[in-house]
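Data first, discussion second: the structure below is written as structure tokens.
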Amino acid sequence: MISRDRVLTALEHAEPDRLPIDLGGTRQSGIAASTYHRLKERLGISSPTRVYDLYQMLAEVERPVMQRLGADVVGLNRPEVAFGIRNEDWRPWRMFDETPVEVPGDFQPVTRPNGDLDILADGKPIARMPAGGYYFDRLEIYPGAAHLPIEQVNPPVICDALCEHYRLQAEAYYQNTDFAVVAPLGPPYELFYGLGTGGFENWMITLAADPDYVDALCEKLVGIWLENLHRFTQAVGDRVHILQFNDDFGMQSGPFLSVKMFRELIMPHYARGLEWIHQNTAMKIFLHSDGALMPLIPSLIEMGIDILNPIQTSAQGMDAQTLKDKYGDQLVFWGGSLDCQKTLPFGTPEEVRQEVEEHIRVFAPGGGYVFASVHNIQAGVPPENVLSMFDTARQWSYFRRENPRLL
């Protein structure tokens, strides 16, 4: 199979020739620039490492690496992925750990007296990387935390130039590659976690104390989302296969909010947008939400999602076999490779291989599984462990499933 057919077969809960693999197809299945640079050194690839996502300091995964690790997915991104900085006019830069990378020309962080790096907008810091750190923390306050009057909330509408960018990029990927294409296009701000950025405690109080405000705010955001969805789908046609949105509903130990609160305050608004996508496009809907989501999964399915990511099996209640047994015929699991907080960074290559094999044996049968890291591969992960992880997945064959190392 070509990559596109392999992914689409799995999304229909059928078995392709081998596991579909994602590395870098989304901003939640990527790899830290420093780890990527060392992986390329291990593979003998000498090209510059470009940081395409300045927020998370993620590397742009190049075609030779995708081919070597068996990746089947590519992402459709804005020209300015983070902080309004366009990915162009690349220049050399060094990270705190001395990793040589290339960054966009307009990335001009300001160094604070204590060594922290600030990104400024209109003279004010909007993001900060602590001295010696590996990624930025957002400092912006979104409407929900600030409790702005609804009439002062003005979410962005995608412009004609951005629609044209999406059209051209989707056409290029569709015509010139055989990858499945994922595009992120959720509401202008995440309807739960995103609105708490910069003041999460205040936002949680607002959810509990002022449901009318929450309802009006989400209603306005979804109205803009629907307008953006209409413009986007007109631009890309049928050349995008998966539409992604993100919202973090889970902690390590359970959901942030009760099932009742989710169903009353958040779910109806998301369902409105997802219904439009299902009725007007053939795209599958991909939700990225970390943590212990088991209590919310029936509601997420009812809400309209097709694909759940990243499948954090180390979180409470997220047992791989239970997930597959209960929801494997209703959800596609995207991720779920191994414990990326412990085994991947701190285990041996053999321990990585063993855990990956255990999870593949659970998630792969019957299709409905795309292999990926559980969120981005972080800085400090040994290249040997990255190779062990993807080589184990790449060698899995549905026709030789009794031993994934036969190929």
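How things are named: the first chain in the structure tokens is A, the next is B, and so on; residues count from 1 in each chain; ligands count from 1 in the order shown.
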
When DSSP is applied to the backbone of this structure, which of region 188-271 of chain A are assigned strand (DSSP E)? Write them out as an MDAnalysis selection string.
chainID A and resid 242:246

Could the residues in this selection be saved with C-alpha atoms as a compact mmCIF listing (two decimals), in the first residue's frame?
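Output saved as selection11.txt:
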# COMPACT_ATOMS: atom_id res chain seq x y z
CA ILE A 242 -8.14 14.27 8.70
CA LEU A 243 -9.22 17.41 10.55
CA GLN A 244 -7.65 17.89 13.95
CA PHE A 245 -8.70 19.89 16.97
CA ASN A 246 -7.09 20.03 20.42

Could you list, as a PyMOL selection string, every residue within 12 Å of Thr35 (chain A), counting only C-alpha atoms and ignoring same-chain residues fewer than 6 positions away?
chain A and resi 41-42+49+51+57-61+95+97+99-101+134+345+376-387

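Using only C-alpha atoms for every distance, the candidate list A:Asp53, A:Glu62, A:Asp247, A:Glu302 yields A:Glu302 as the residue closest to Pro268 (chain A).
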
Give me the region 147-183 of chain A side of the contact with region 4-26 of chain A, cut-off 10 Å, one line per residue showing its nearest atom pair and distance in Å at one decimal, counting only C-alpha atoms, sorted by chain and residue number, as a Markdown table.
| residue | atom | partner | partner_atom | distance |
| --- | --- | --- | --- | --- |
| A:Tyr174 | CA | A:Arg4 | CA | 9.4 |
| A:Thr177 | CA | A:Arg4 | CA | 9.0 |
| A:Asp178 | CA | A:Arg4 | CA | 5.5 |
| A:Phe179 | CA | A:Arg4 | CA | 4.8 |
| A:Ala180 | CA | A:Arg4 | CA | 4.3 |
| A:Val181 | CA | A:Gly25 | CA | 7.8 |
| A:Val182 | CA | A:Gly25 | CA | 6.7 |
| A:Ala183 | CA | A:Thr26 | CA | 8.0 |

Apply DSSP to the structure's backbone, then extract all residues of region 214-373 of chain A labelled helix (DSSP H, G or I) and return them as a PyMOL selection string.
chain A and resi 214-236+259-280+294-303+320-327+343-346+349-363

So that I can check the surroundings of Lys324 (chain A), please list as an MDAnalysis selection string every protein, DNA and RNA residue that reaches within 10 Å of it, counting only C-alpha atoms and ignoring chain neighbours fewer than 2 positions away.
chainID A and resid 319:322 326:333 362:365 368:369

Excluding same-chain residues fewer than 5 positions from Tyr213 (chain A), what lies within 12 Å of it counting only C-alpha atoms, as a compact mmCIF listing (two decimals) with N, CA and C atoms, in the first residue's frame?
# COMPACT_ATOMS: atom_id res chain seq x y z
N PRO A 143 -9.75 35.04 26.39
CA PRO A 143 -10.98 35.68 26.88
C PRO A 143 -11.58 35.04 28.12
N GLY A 144 -11.58 33.72 28.20
CA GLY A 144 -12.24 33.10 29.33
C GLY A 144 -11.61 33.45 30.66
N ALA A 145 -10.27 33.49 30.69
CA ALA A 145 -9.59 33.82 31.93
C ALA A 145 -9.79 35.29 32.29
N HIS A 147 -12.33 37.09 31.45
CA HIS A 147 -13.76 37.33 31.59
C HIS A 147 -14.17 38.62 30.88
N LEU A 148 -13.72 38.74 29.65
CA LEU A 148 -14.09 39.90 28.85
C LEU A 148 -15.58 39.87 28.53
N PRO A 149 -16.20 41.04 28.40
CA PRO A 149 -17.57 41.06 27.87
C PRO A 149 -17.61 40.40 26.50
N ILE A 150 -18.67 39.67 26.22
CA ILE A 150 -18.76 38.90 24.98
C ILE A 150 -18.54 39.78 23.77
N GLU A 151 -19.07 40.99 23.79
CA GLU A 151 -18.93 41.88 22.63
C GLU A 151 -17.49 42.29 22.37
N VAL A 153 -14.97 40.11 22.61
CA VAL A 153 -14.26 38.92 22.15
C VAL A 153 -14.37 38.86 20.63
N TRP A 203 -10.78 30.60 35.34
CA TRP A 203 -11.65 29.98 34.34
C TRP A 203 -12.46 28.85 34.94
N ILE A 205 -13.43 28.64 38.01
CA ILE A 205 -14.47 29.27 38.81
C ILE A 205 -15.60 29.78 37.91
N THR A 206 -15.23 30.34 36.76
CA THR A 206 -16.24 30.82 35.82
C THR A 206 -17.12 29.67 35.34
N LEU A 207 -16.52 28.52 35.03
CA LEU A 207 -17.30 27.36 34.60
C LEU A 207 -18.35 26.97 35.63
N ALA A 208 -17.94 27.01 36.89
CA ALA A 208 -18.84 26.58 37.95
C ALA A 208 -19.88 27.64 38.31
N CYS A 218 -18.68 30.31 24.24
CA CYS A 218 -18.49 29.16 23.36
C CYS A 218 -19.34 29.29 22.10
N GLU A 219 -20.55 29.81 22.24
CA GLU A 219 -21.42 30.02 21.09
C GLU A 219 -20.77 30.95 20.07
N LYS A 220 -20.14 32.01 20.57
CA LYS A 220 -19.49 32.95 19.66
C LYS A 220 -18.27 32.31 19.00
N LEU A 265 -21.69 22.01 29.46
CA LEU A 265 -21.06 23.28 29.11
C LEU A 265 -20.19 23.23 27.85

Residue with the minimum atom-to-atom distance to Trp90 (chain A), picked from A:Pro64, A:Ser373, A:Gly132, A:Arg50 with only C-alpha atoms counted, is A:Arg50
